[in-house]
$ cat structure27.pdb   # PDB, C-alpha atoms, pLDDT in the B column
ATOM      1  CA  MET A   1     -11.311 -17.963   0.151  1.00 47.00           C
ATOM      2  CA  THR A   2      -8.214 -17.164   2.188  1.00 50.00           C
ATOM      3  CA  ASP A   3      -8.454 -17.916   5.885  1.00 53.00           C
ATOM      4  CA  LEU A   4      -7.698 -14.565   7.545  1.00 48.00           C
ATOM      5  CA  PRO A   5      -8.164 -14.522  11.322  1.00 45.00           C
ATOM      6  CA  THR A   6      -8.997 -11.113  12.788  1.00 47.00           C
ATOM      7  CA  THR A   7      -5.770 -10.659  14.733  1.00 51.00           C
ATOM      8  CA  SER A   8      -3.315 -12.643  12.692  1.00 79.00           C
ATOM      9  CA  ALA A   9       0.401 -12.877  13.365  1.00 84.00           C
ATOM     10  CA  TRP A  10       1.259 -11.354   9.996  1.00 90.00           C
ATOM     11  CA  LEU A  11      -0.873  -8.228  10.464  1.00 95.00           C
ATOM     12  CA  GLN A  12      -0.812  -7.327  14.168  1.00 94.00           C
ATOM     13  CA  PRO A  13       2.724  -5.877  14.176  1.00 95.00           C
ATOM     14  CA  PHE A  14       1.740  -3.544  11.335  1.00 96.00           C
ATOM     15  CA  ILE A  15      -1.472  -2.477  13.092  1.00 96.00           C
ATOM     16  CA  ASP A  16       0.619  -1.734  16.191  1.00 97.00           C
ATOM     17  CA  ARG A  17       3.002   0.358  14.058  1.00 97.00           C
ATOM     18  CA  VAL A  18       0.171   2.412  12.566  1.00 98.00           C
ATOM     19  CA  ASN A  19      -1.374   2.942  16.008  1.00 97.00           C
ATOM     20  CA  ALA A  20       2.009   3.986  17.437  1.00 97.00           C
ATOM     21  CA  HIS A  21       1.985   6.836  14.906  1.00 97.00           C
ATOM     22  CA  GLN A  22      -1.498   7.973  15.993  1.00 97.00           C
ATOM     23  CA  ARG A  23      -2.990   6.552  12.767  1.00 97.00           C
ATOM     24  CA  GLN A  24      -1.616   9.456  10.721  1.00 97.00           C
ATOM     25  CA  GLY A  25       0.796   9.771   7.809  1.00 98.00           C
ATOM     26  CA  GLY A  26       2.180   7.516   5.099  1.00 98.00           C
ATOM     27  CA  PHE A  27       3.091   3.857   5.624  1.00 98.00           C
ATOM     28  CA  ILE A  28       4.540   1.190   3.378  1.00 97.00           C
ATOM     29  CA  LEU A  29       3.555  -2.437   3.861  1.00 96.00           C
ATOM     30  CA  SER A  30       5.969  -4.751   2.099  1.00 95.00           C
ATOM     31  CA  LEU A  31       4.530  -8.080   0.952  1.00 94.00           C
ATOM     32  CA  THR A  32       6.426 -10.819  -0.846  1.00 91.00           C
ATOM     33  CA  GLU A  33       3.506 -11.538  -3.194  1.00 91.00           C
ATOM     34  CA  TYR A  34       0.919  -9.568  -5.143  1.00 93.00           C
ATOM     35  CA  ARG A  35      -2.091 -10.137  -2.886  1.00 93.00           C
ATOM     36  CA  PRO A  36      -5.170  -7.939  -3.372  1.00 94.00           C
ATOM     37  CA  ASP A  37      -6.969 -10.121  -0.810  1.00 93.00           C
ATOM     38  CA  LEU A  38      -4.457  -9.184   1.878  1.00 94.00           C
ATOM     39  CA  ALA A  39      -4.594  -5.488   0.982  1.00 96.00           C
ATOM     40  CA  ARG A  40      -8.387  -5.577   1.352  1.00 95.00           C
ATOM     41  CA  HIS A  41      -7.991  -7.388   4.666  1.00 94.00           C
ATOM     42  CA  VAL A  42      -5.597  -4.694   5.919  1.00 96.00           C
ATOM     43  CA  ALA A  43      -8.153  -2.031   4.994  1.00 97.00           C
ATOM     44  CA  HIS A  44     -10.875  -3.923   6.825  1.00 95.00           C
ATOM     45  CA  GLU A  45      -8.822  -4.515   9.966  1.00 95.00           C
ATOM     46  CA  LEU A  46      -7.653  -0.893  10.157  1.00 96.00           C
ATOM     47  CA  ASP A  47     -11.151   0.382   9.316  1.00 97.00           C
ATOM     48  CA  VAL A  48      -9.916   2.389   6.339  1.00 98.00           C
ATOM     49  CA  ARG A  49     -10.988   2.468   2.683  1.00 98.00           C
ATOM     50  CA  PHE A  50      -9.520   0.250  -0.002  1.00 98.00           C
ATOM     51  CA  PHE A  51      -8.516   2.463  -2.937  1.00 98.00           C
ATOM     52  CA  ASP A  52      -7.209   0.827  -6.109  1.00 98.00           C
ATOM     53  CA  TYR A  53      -5.079   3.536  -7.716  1.00 98.00           C
ATOM     54  CA  ARG A  54      -4.632   1.660 -10.986  1.00 97.00           C
ATOM     55  CA  ALA A  55      -8.339   0.947 -11.427  1.00 97.00           C
ATOM     56  CA  ASP A  56      -9.688   4.249 -10.090  1.00 97.00           C
ATOM     57  CA  VAL A  57      -7.173   6.662 -11.626  1.00 97.00           C
ATOM     58  CA  MET A  58      -4.865   5.129 -14.194  1.00 97.00           C
ATOM     59  CA  ALA A  59      -7.364   2.932 -16.062  1.00 97.00           C
ATOM     60  CA  LYS A  60      -9.482   5.969 -16.928  1.00 96.00           C
ATOM     61  CA  LEU A  61      -6.514   7.414 -18.814  1.00 96.00           C
ATOM     62  CA  GLY A  62      -5.926   4.332 -20.947  1.00 96.00           C
ATOM     63  CA  TRP A  63      -2.693   4.497 -22.934  1.00 95.00           C
ATOM     64  CA  ASP A  64      -1.897   7.885 -21.351  1.00 96.00           C
ATOM     65  CA  ALA A  65      -1.778   6.505 -17.802  1.00 95.00           C
ATOM     66  CA  HIS A  66       2.015   6.731 -17.807  1.00 93.00           C
ATOM     67  CA  THR A  67       1.744  10.537 -18.029  1.00 95.00           C
ATOM     68  CA  VAL A  68       0.482  10.781 -14.443  1.00 97.00           C
ATOM     69  CA  SER A  69       3.198  12.472 -12.406  1.00 97.00           C
ATOM     70  CA  LEU A  70       4.270  11.628  -8.889  1.00 98.00           C
ATOM     71  CA  PRO A  71       3.012  15.034  -7.672  1.00 98.00           C
ATOM     72  CA  ASP A  72      -0.359  14.027  -9.193  1.00 98.00           C
ATOM     73  CA  LEU A  73      -0.180  10.835  -7.127  1.00 98.00           C
ATOM     74  CA  ASP A  74       0.581  12.894  -4.003  1.00 98.00           C
ATOM     75  CA  GLN A  75      -2.426  15.117  -4.671  1.00 97.00           C
ATOM     76  CA  THR A  76      -4.731  12.142  -5.214  1.00 98.00           C
ATOM     77  CA  LEU A  77      -3.582  10.489  -1.994  1.00 98.00           C
ATOM     78  CA  GLU A  78      -4.045  13.765  -0.114  1.00 97.00           C
ATOM     79  CA  GLU A  79      -7.580  14.168  -1.479  1.00 97.00           C
ATOM     80  CA  GLN A  80      -8.535  10.530  -0.950  1.00 96.00           C
ATOM     81  CA  SER A  81      -7.277  10.518   2.632  1.00 97.00           C
ATOM     82  CA  SER A  82      -8.762  13.849   3.708  1.00 95.00           C
ATOM     83  CA  LYS A  83     -11.860  12.243   5.272  1.00 93.00           C
ATOM     84  CA  SER A  84     -10.618   8.765   6.146  1.00 96.00           C
ATOM     85  CA  GLY A  85      -7.573   6.564   5.966  1.00 98.00           C
ATOM     86  CA  LEU A  86      -6.954   4.281   3.030  1.00 97.00           C
ATOM     87  CA  VAL A  87      -4.991   1.419   1.626  1.00 98.00           C
ATOM     88  CA  ALA A  88      -3.681   2.795  -1.674  1.00 98.00           C
ATOM     89  CA  PHE A  89      -3.356  -0.414  -3.654  1.00 98.00           C
ATOM     90  CA  ASN A  90      -1.609  -0.732  -7.038  1.00 97.00           C
ATOM     91  CA  VAL A  91       0.413   2.461  -6.624  1.00 97.00           C
ATOM     92  CA  GLU A  92       3.236   0.310  -7.992  1.00 96.00           C
ATOM     93  CA  ALA A  93       1.514   0.450 -11.388  1.00 96.00           C
ATOM     94  CA  LEU A  94       2.421   4.135 -11.584  1.00 97.00           C
ATOM     95  CA  LEU A  95       5.798   3.716  -9.893  1.00 96.00           C
ATOM     96  CA  GLY A  96       6.699   1.195 -12.585  1.00 95.00           C
ATOM     97  CA  THR A  97       6.464   3.931 -15.217  1.00 96.00           C
ATOM     98  CA  LYS A  98       9.084   6.081 -13.456  1.00 96.00           C
ATOM     99  CA  PRO A  99      12.885   5.826 -13.367  1.00 95.00           C
ATOM    100  CA  GLU A 100      14.325   4.074 -10.312  1.00 93.00           C
ATOM    101  CA  ALA A 101      15.732   7.279  -8.817  1.00 93.00           C
ATOM    102  CA  GLU A 102      12.294   8.939  -8.882  1.00 95.00           C
ATOM    103  CA  ARG A 103      10.670   5.803  -7.466  1.00 94.00           C
ATOM    104  CA  SER A 104      13.130   5.571  -4.596  1.00 92.00           C
ATOM    105  CA  GLN A 105      12.761   9.248  -3.811  1.00 94.00           C
ATOM    106  CA  TRP A 106       8.962   8.992  -3.825  1.00 96.00           C
ATOM    107  CA  LEU A 107       8.938   5.923  -1.564  1.00 95.00           C
ATOM    108  CA  MET A 108      11.081   7.703   1.018  1.00 94.00           C
ATOM    109  CA  LYS A 109       8.876  10.795   0.699  1.00 96.00           C
ATOM    110  CA  CYS A 110       5.747   8.677   1.188  1.00 96.00           C
ATOM    111  CA  LEU A 111       7.004   7.615   4.601  1.00 96.00           C
ATOM    112  CA  GLN A 112       7.414  11.259   5.597  1.00 96.00           C
ATOM    113  CA  MET A 113       4.104  12.602   4.261  1.00 97.00           C
ATOM    114  CA  GLN A 114       1.864  14.077   6.931  1.00 95.00           C
ATOM    115  CA  PHE A 115      -1.582  12.798   5.999  1.00 97.00           C
ATOM    116  CA  VAL A 116      -4.374  13.478   8.517  1.00 97.00           C
ATOM    117  CA  HIS A 117      -5.318   9.790   8.336  1.00 98.00           C
ATOM    118  CA  PRO A 118      -3.189   6.729   7.601  1.00 98.00           C
ATOM    119  CA  VAL A 119      -2.299   6.083   3.966  1.00 98.00           C
ATOM    120  CA  ILE A 120      -0.967   2.560   3.537  1.00 98.00           C
ATOM    121  CA  VAL A 121       0.860   1.713   0.315  1.00 97.00           C
ATOM    122  CA  PRO A 122       1.333  -2.048  -0.120  1.00 97.00           C
ATOM    123  CA  LEU A 123       4.404  -2.995  -2.164  1.00 95.00           C
ATOM    124  CA  CYS A 124       5.516  -6.301  -3.590  1.00 93.00           C
ATOM    125  CA  VAL A 125       7.852  -5.268  -6.417  1.00 92.00           C
ATOM    126  CA  PHE A 126       9.620  -2.025  -5.529  1.00 89.00           C
ATOM    127  CA  ASN A 127      10.876  -2.802  -2.049  1.00 79.00           C
ATOM    128  CA  HIS A 128      14.151  -1.037  -1.384  1.00 72.00           C
ATOM    129  CA  GLU A 129      16.654  -1.940   1.296  1.00 70.00           C
ATOM    130  CA  SER A 130      16.982   1.745   2.133  1.00 71.00           C
ATOM    131  CA  LEU A 131      13.424   1.676   3.482  1.00 86.00           C
ATOM    132  CA  THR A 132      13.874  -1.158   5.975  1.00 85.00           C
ATOM    133  CA  SER A 133      15.131   1.042   8.808  1.00 89.00           C
ATOM    134  CA  GLN A 134      12.281   3.541   8.458  1.00 94.00           C
ATOM    135  CA  PRO A 135       9.728   3.543  11.309  1.00 95.00           C
ATOM    136  CA  ARG A 136       6.733   3.682   8.933  1.00 96.00           C
ATOM    137  CA  TYR A 137       7.905   0.755   6.812  1.00 96.00           C
ATOM    138  CA  HIS A 138       6.898  -2.784   7.676  1.00 95.00           C
ATOM    139  CA  ALA A 139       7.912  -5.960   5.848  1.00 93.00           C
ATOM    140  CA  VAL A 140       5.852  -9.083   6.363  1.00 92.00           C
ATOM    141  CA  PRO A 141       7.987 -12.244   6.286  1.00 89.00           C
ATOM    142  CA  SER A 142       6.779 -14.622   3.583  1.00 84.00           C
ATOM    143  CA  ASP A 143       6.359 -17.485   6.054  1.00 86.00           C
ATOM    144  CA  LEU A 144       3.781 -15.444   7.997  1.00 82.00           C
ATOM    145  CA  LEU A 145       1.549 -14.676   5.018  1.00 84.00           C
ATOM    146  CA  PRO A 146      -1.696 -16.651   4.945  1.00 81.00           C
ATOM    147  CA  GLN A 147      -1.956 -19.226   2.195  1.00 74.00           C
ATOM    148  CA  GLN A 148      -3.838 -18.066  -0.851  1.00 64.00           C
ATOM    149  CA  SER A 149      -6.630 -20.277  -2.091  1.00 61.00           C
ATOM    150  CA  PHE A 150      -6.618 -21.639  -5.606  1.00 51.00           C
ATOM    151  CA  LEU A 151      -9.879 -19.839  -6.427  1.00 52.00           C
ATOM    152  CA  ASN A 152      -8.441 -16.563  -5.197  1.00 51.00           C
ATOM    153  CA  ARG A 153      -5.418 -17.017  -7.481  1.00 49.00           C
ATOM    154  CA  LEU A 154      -7.678 -17.645 -10.458  1.00 49.00           C
ATOM    155  CA  ALA A 155      -9.632 -14.482  -9.685  1.00 54.00           C
ATOM    156  CA  MET A 156      -6.540 -12.266  -9.981  1.00 51.00           C
TER     157      MET A 156
END
$ encode --input "structure27.pdb" --output "structure tokens"
Amino acid sequence: MTDLPTTSAWLQPFIDRVNAHQRQGGFILSLTEYRPDLARHVAHELDVRFFDYRADVMAKLGWDAHTVSLPDLDQTLEEQSSKSGLVAFNVEALLGTKPEAERSQWLMKCLQMQFVHPVIVPLCVFNHESLTSQPRYHAVPSDLLPQQSFLNRLAM
């Protein structure tokens, strides 16, 4: 298992960022690796739900999962966050089915969405330089990420 201290150096700046925005709205957490364990840890530390978009929405559609639109994604995130905040993991699975211009536009829009509770979208593939100056975007330097255990890697 990954050793994840409660107030770790990699996560505290992001927690501070979310708190500075009164724990409301959309946030992007940029990671340098695909790490479901870290996304779950973020959800735990922020006391929000872990929501796997690919597993909970796209997988049910099978081969038609690519037909989900970005407005459908917005609606799902709005519904899922109406009662509590969430880490919306694997949103990149849907973003990967869209042209780059639509992806970029949606990522910028995500940072401006006014959710009642925090909606955190972890990214490891579609990180855009245009996002780095946004106040609701946080990139975790790779040297601060906790090491991933061998067993955890096998489980992915």
$ resolve_selection --input "structure27.pdb" --expression "the PyMOL selection byres ((chain A and resi 22) around 12)" --output "PyMOL selection string"
chain A and resi 15-21+23-26+85+114-118+136
$ resolve_selection --input "structure27.pdb" --expression "the PyMOL selection byres ((chain A and resi 109) around 12)" --output "CSV table (one decimal) with C-alpha atoms, keeping the file's coordinate frame"
chain,number,residue,atom,x,y,z
A,25,GLY,CA,0.8,9.8,7.8
A,26,GLY,CA,2.2,7.5,5.1
A,27,PHE,CA,3.1,3.9,5.6
A,28,ILE,CA,4.5,1.2,3.4
A,70,LEU,CA,4.3,11.6,-8.9
A,71,PRO,CA,3.0,15.0,-7.7
A,73,LEU,CA,-0.2,10.8,-7.1
A,74,ASP,CA,0.6,12.9,-4.0
A,102,GLU,CA,12.3,8.9,-8.9
A,103,ARG,CA,10.7,5.8,-7.5
A,104,SER,CA,13.1,5.6,-4.6
A,105,GLN,CA,12.8,9.2,-3.8
A,106,TRP,CA,9.0,9.0,-3.8
A,107,LEU,CA,8.9,5.9,-1.6
A,108,MET,CA,11.1,7.7,1.0
A,110,CYS,CA,5.7,8.7,1.2
A,111,LEU,CA,7.0,7.6,4.6
A,112,GLN,CA,7.4,11.3,5.6
A,113,MET,CA,4.1,12.6,4.3
A,114,GLN,CA,1.9,14.1,6.9
A,115,PHE,CA,-1.6,12.8,6.0
A,131,LEU,CA,13.4,1.7,3.5
A,134,GLN,CA,12.3,3.5,8.5
A,136,ARG,CA,6.7,3.7,8.9
A,137,TYR,CA,7.9,0.8,6.8
$ atom_distance --input "structure27.pdb" --atom1 "atom CA of A:Asp52" --atom2 "atom CA of A:His66"
16.0 Å
$ axis_aligned_box --input "structure27.pdb" --around "stretch 90-97 of chain A" --padding-each-side "6 Å" --output "lines of an AutoDock Vina configuration file"
center_x = 2.5
center_y = 1.7
center_z = -10.9
size_x = 20.3
size_y = 16.9
size_z = 20.6
$ residues_around --input "structure27.pdb" --residues "A:Cys124" --least-positions-apart "5" --cutoff "12 Å" --atoms "only C-alpha atoms" --output "PyMOL selection string"
chain A and resi 28-36+38-39+89-93+95-96+138-142
$ residues_near_point --input "structure27.pdb" --point "(-4.8, 0.2, -17.8)" --cutoff "12 Å" --atoms "all atoms listed in the file" --output "PyMOL selection string"
chain A and resi 52-66+90+93-94
$ atom_distance --input "structure27.pdb" --atom1 "atom CA of A:Glu45" --atom2 "atom CA of A:Asp143"
20.3 Å
$ residues_around --input "structure27.pdb" --residues "A:His44" --least-positions-apart "5" --cutoff "10 Å" --atoms "all atoms listed in the file" --output "number ranges by chain"
A: 6, 38-39, 49-50, 86-87
$ atom_distance --input "structure27.pdb" --atom1 "atom CA of A:Leu144" --atom2 "atom CA of A:Trp10"
5.2 Å
$ closest_residue --input "structure27.pdb" --among "A:Glu100, A:Pro13, A:Ala88, A:Gln75" --to "A:Leu123" --atoms "all atoms listed in the file"
A:Ala88
$ closest_residue --input "structure27.pdb" --among "A:Arg40, A:Glu79, A:Val68, A:Pro99" --to "A:Val121" --atoms "all atoms listed in the file"
A:Arg40
$ decode --input "structure27.pdb" --residues "stretch 120-154 of chain A" --atoms "N, CA and C atoms" --output "PDB file, in the first residue's frame"
ATOM      1  N   ILE A 120     -13.623  18.004  -8.037  1.00  0.00           N
ATOM      2  CA  ILE A 120     -12.198  17.914  -8.362  1.00  0.00           C
ATOM      3  C   ILE A 120     -12.025  16.926  -9.508  1.00  0.00           C
ATOM      4  N   VAL A 121     -11.421  17.365 -10.584  1.00  0.00           N
ATOM      5  CA  VAL A 121     -11.163  16.518 -11.741  1.00  0.00           C
ATOM      6  C   VAL A 121      -9.652  16.281 -11.833  1.00  0.00           C
ATOM      7  N   PRO A 122      -9.198  15.087 -11.448  1.00  0.00           N
ATOM      8  CA  PRO A 122      -7.770  14.778 -11.595  1.00  0.00           C
ATOM      9  C   PRO A 122      -7.439  14.525 -13.072  1.00  0.00           C
ATOM     10  N   LEU A 123      -6.321  15.057 -13.512  1.00  0.00           N
ATOM     11  CA  LEU A 123      -5.851  14.851 -14.884  1.00  0.00           C
ATOM     12  C   LEU A 123      -4.424  14.322 -14.859  1.00  0.00           C
ATOM     13  N   CYS A 124      -4.119  13.453 -15.817  1.00  0.00           N
ATOM     14  CA  CYS A 124      -2.720  13.059 -15.975  1.00  0.00           C
ATOM     15  C   CYS A 124      -2.323  13.055 -17.449  1.00  0.00           C
ATOM     16  N   VAL A 125      -3.288  13.130 -18.344  1.00  0.00           N
ATOM     17  CA  VAL A 125      -2.995  13.097 -19.774  1.00  0.00           C
ATOM     18  C   VAL A 125      -3.234  14.458 -20.421  1.00  0.00           C
ATOM     19  N   PHE A 126      -4.396  15.025 -20.213  1.00  0.00           N
ATOM     20  CA  PHE A 126      -4.798  16.237 -20.921  1.00  0.00           C
ATOM     21  C   PHE A 126      -4.546  17.505 -20.112  1.00  0.00           C
ATOM     22  N   ASN A 127      -3.325  17.672 -19.688  1.00  0.00           N
ATOM     23  CA  ASN A 127      -2.924  18.902 -19.003  1.00  0.00           C
ATOM     24  C   ASN A 127      -2.497  19.918 -20.043  1.00  0.00           C
ATOM     25  N   HIS A 128      -3.085  21.079 -20.001  1.00  0.00           N
ATOM     26  CA  HIS A 128      -2.775  22.119 -20.981  1.00  0.00           C
ATOM     27  C   HIS A 128      -2.073  23.284 -20.308  1.00  0.00           C
ATOM     28  N   GLU A 129      -1.079  23.809 -20.967  1.00  0.00           N
ATOM     29  CA  GLU A 129      -0.340  24.952 -20.428  1.00  0.00           C
ATOM     30  C   GLU A 129      -1.251  26.141 -20.168  1.00  0.00           C
ATOM     31  N   SER A 130      -2.305  26.269 -20.943  1.00  0.00           N
ATOM     32  CA  SER A 130      -3.216  27.400 -20.777  1.00  0.00           C
ATOM     33  C   SER A 130      -3.925  27.371 -19.422  1.00  0.00           C
ATOM     34  N   LEU A 131      -3.930  26.239 -18.773  1.00  0.00           N
ATOM     35  CA  LEU A 131      -4.611  26.111 -17.479  1.00  0.00           C
ATOM     36  C   LEU A 131      -3.737  26.539 -16.307  1.00  0.00           C
ATOM     37  N   THR A 132      -2.428  26.539 -16.484  1.00  0.00           N
ATOM     38  CA  THR A 132      -1.518  26.697 -15.349  1.00  0.00           C
ATOM     39  C   THR A 132      -1.684  28.002 -14.581  1.00  0.00           C
ATOM     40  N   SER A 133      -2.159  29.034 -15.217  1.00  0.00           N
ATOM     41  CA  SER A 133      -2.324  30.316 -14.518  1.00  0.00           C
ATOM     42  C   SER A 133      -3.703  30.455 -13.861  1.00  0.00           C
ATOM     43  N   GLN A 134      -4.537  29.462 -14.004  1.00  0.00           N
ATOM     44  CA  GLN A 134      -5.894  29.533 -13.456  1.00  0.00           C
ATOM     45  C   GLN A 134      -5.878  29.257 -11.952  1.00  0.00           C
ATOM     46  N   PRO A 135      -6.642  30.017 -11.168  1.00  0.00           N
ATOM     47  CA  PRO A 135      -6.611  29.860  -9.711  1.00  0.00           C
ATOM     48  C   PRO A 135      -7.202  28.537  -9.189  1.00  0.00           C
ATOM     49  N   ARG A 136      -7.967  27.838 -10.001  1.00  0.00           N
ATOM     50  CA  ARG A 136      -8.568  26.576  -9.565  1.00  0.00           C
ATOM     51  C   ARG A 136      -7.845  25.359 -10.161  1.00  0.00           C
ATOM     52  N   TYR A 137      -6.689  25.598 -10.712  1.00  0.00           N
ATOM     53  CA  TYR A 137      -5.857  24.543 -11.284  1.00  0.00           C
ATOM     54  C   TYR A 137      -4.639  24.373 -10.394  1.00  0.00           C
ATOM     55  N   HIS A 138      -4.311  23.121 -10.105  1.00  0.00           N
ATOM     56  CA  HIS A 138      -3.132  22.864  -9.274  1.00  0.00           C
ATOM     57  C   HIS A 138      -2.368  21.678  -9.848  1.00  0.00           C
ATOM     58  N   ALA A 139      -1.095  21.878 -10.130  1.00  0.00           N
ATOM     59  CA  ALA A 139      -0.229  20.812 -10.623  1.00  0.00           C
ATOM     60  C   ALA A 139       0.673  20.341  -9.492  1.00  0.00           C
ATOM     61  N   VAL A 140       0.709  19.050  -9.300  1.00  0.00           N
ATOM     62  CA  VAL A 140       1.576  18.466  -8.278  1.00  0.00           C
ATOM     63  C   VAL A 140       2.893  18.068  -8.944  1.00  0.00           C
ATOM     64  N   PRO A 141       4.004  18.625  -8.487  1.00  0.00           N
ATOM     65  CA  PRO A 141       5.303  18.236  -9.060  1.00  0.00           C
ATOM     66  C   PRO A 141       5.558  16.740  -8.853  1.00  0.00           C
ATOM     67  N   SER A 142       6.105  16.098  -9.857  1.00  0.00           N
ATOM     68  CA  SER A 142       6.309  14.647  -9.789  1.00  0.00           C
ATOM     69  C   SER A 142       7.181  14.227  -8.618  1.00  0.00           C
ATOM     70  N   ASP A 143       8.124  15.064  -8.217  1.00  0.00           N
ATOM     71  CA  ASP A 143       9.010  14.682  -7.110  1.00  0.00           C
ATOM     72  C   ASP A 143       8.311  14.737  -5.755  1.00  0.00           C
ATOM     73  N   LEU A 144       7.110  15.322  -5.698  1.00  0.00           N
ATOM     74  CA  LEU A 144       6.364  15.346  -4.436  1.00  0.00           C
ATOM     75  C   LEU A 144       5.357  14.199  -4.312  1.00  0.00           C
ATOM     76  N   LEU A 145       5.082  13.521  -5.416  1.00  0.00           N
ATOM     77  CA  LEU A 145       4.122  12.417  -5.355  1.00  0.00           C
ATOM     78  C   LEU A 145       4.674  11.263  -4.521  1.00  0.00           C
ATOM     79  N   PRO A 146       3.826  10.683  -3.673  1.00  0.00           N
ATOM     80  CA  PRO A 146       4.272   9.507  -2.917  1.00  0.00           C
ATOM     81  C   PRO A 146       4.600   8.353  -3.867  1.00  0.00           C
ATOM     82  N   GLN A 147       5.558   7.548  -3.472  1.00  0.00           N
ATOM     83  CA  GLN A 147       5.889   6.366  -4.250  1.00  0.00           C
ATOM     84  C   GLN A 147       4.697   5.421  -4.276  1.00  0.00           C
ATOM     85  N   GLN A 148       4.541   4.763  -5.398  1.00  0.00           N
ATOM     86  CA  GLN A 148       3.463   3.787  -5.525  1.00  0.00           C
ATOM     87  C   GLN A 148       4.031   2.394  -5.294  1.00  0.00           C
ATOM     88  N   SER A 149       3.337   1.624  -4.482  1.00  0.00           N
ATOM     89  CA  SER A 149       3.828   0.278  -4.190  1.00  0.00           C
ATOM     90  C   SER A 149       3.672  -0.627  -5.400  1.00  0.00           C
ATOM     91  N   PHE A 150       4.463  -1.672  -5.432  1.00  0.00           N
ATOM     92  CA  PHE A 150       4.396  -2.637  -6.512  1.00  0.00           C
ATOM     93  C   PHE A 150       3.016  -3.300  -6.570  1.00  0.00           C
ATOM     94  N   LEU A 151       2.468  -3.657  -5.416  1.00  0.00           N
ATOM     95  CA  LEU A 151       1.150  -4.298  -5.388  1.00  0.00           C
ATOM     96  C   LEU A 151       0.061  -3.362  -5.911  1.00  0.00           C
ATOM     97  N   ASN A 152       0.194  -2.081  -5.589  1.00  0.00           N
ATOM     98  CA  ASN A 152      -0.778  -1.117  -6.077  1.00  0.00           C
ATOM     99  C   ASN A 152      -0.698  -1.012  -7.605  1.00  0.00           C
ATOM    100  N   ARG A 153       0.497  -1.049  -8.154  1.00  0.00           N
ATOM    101  CA  ARG A 153       0.651  -1.001  -9.614  1.00  0.00           C
ATOM    102  C   ARG A 153       0.022  -2.213 -10.268  1.00  0.00           C
ATOM    103  N   LEU A 154       0.195  -3.371  -9.671  1.00  0.00           N
ATOM    104  CA  LEU A 154      -0.400  -4.590 -10.228  1.00  0.00           C
ATOM    105  C   LEU A 154      -1.923  -4.544 -10.190  1.00  0.00           C
TER     106      LEU A 154
END
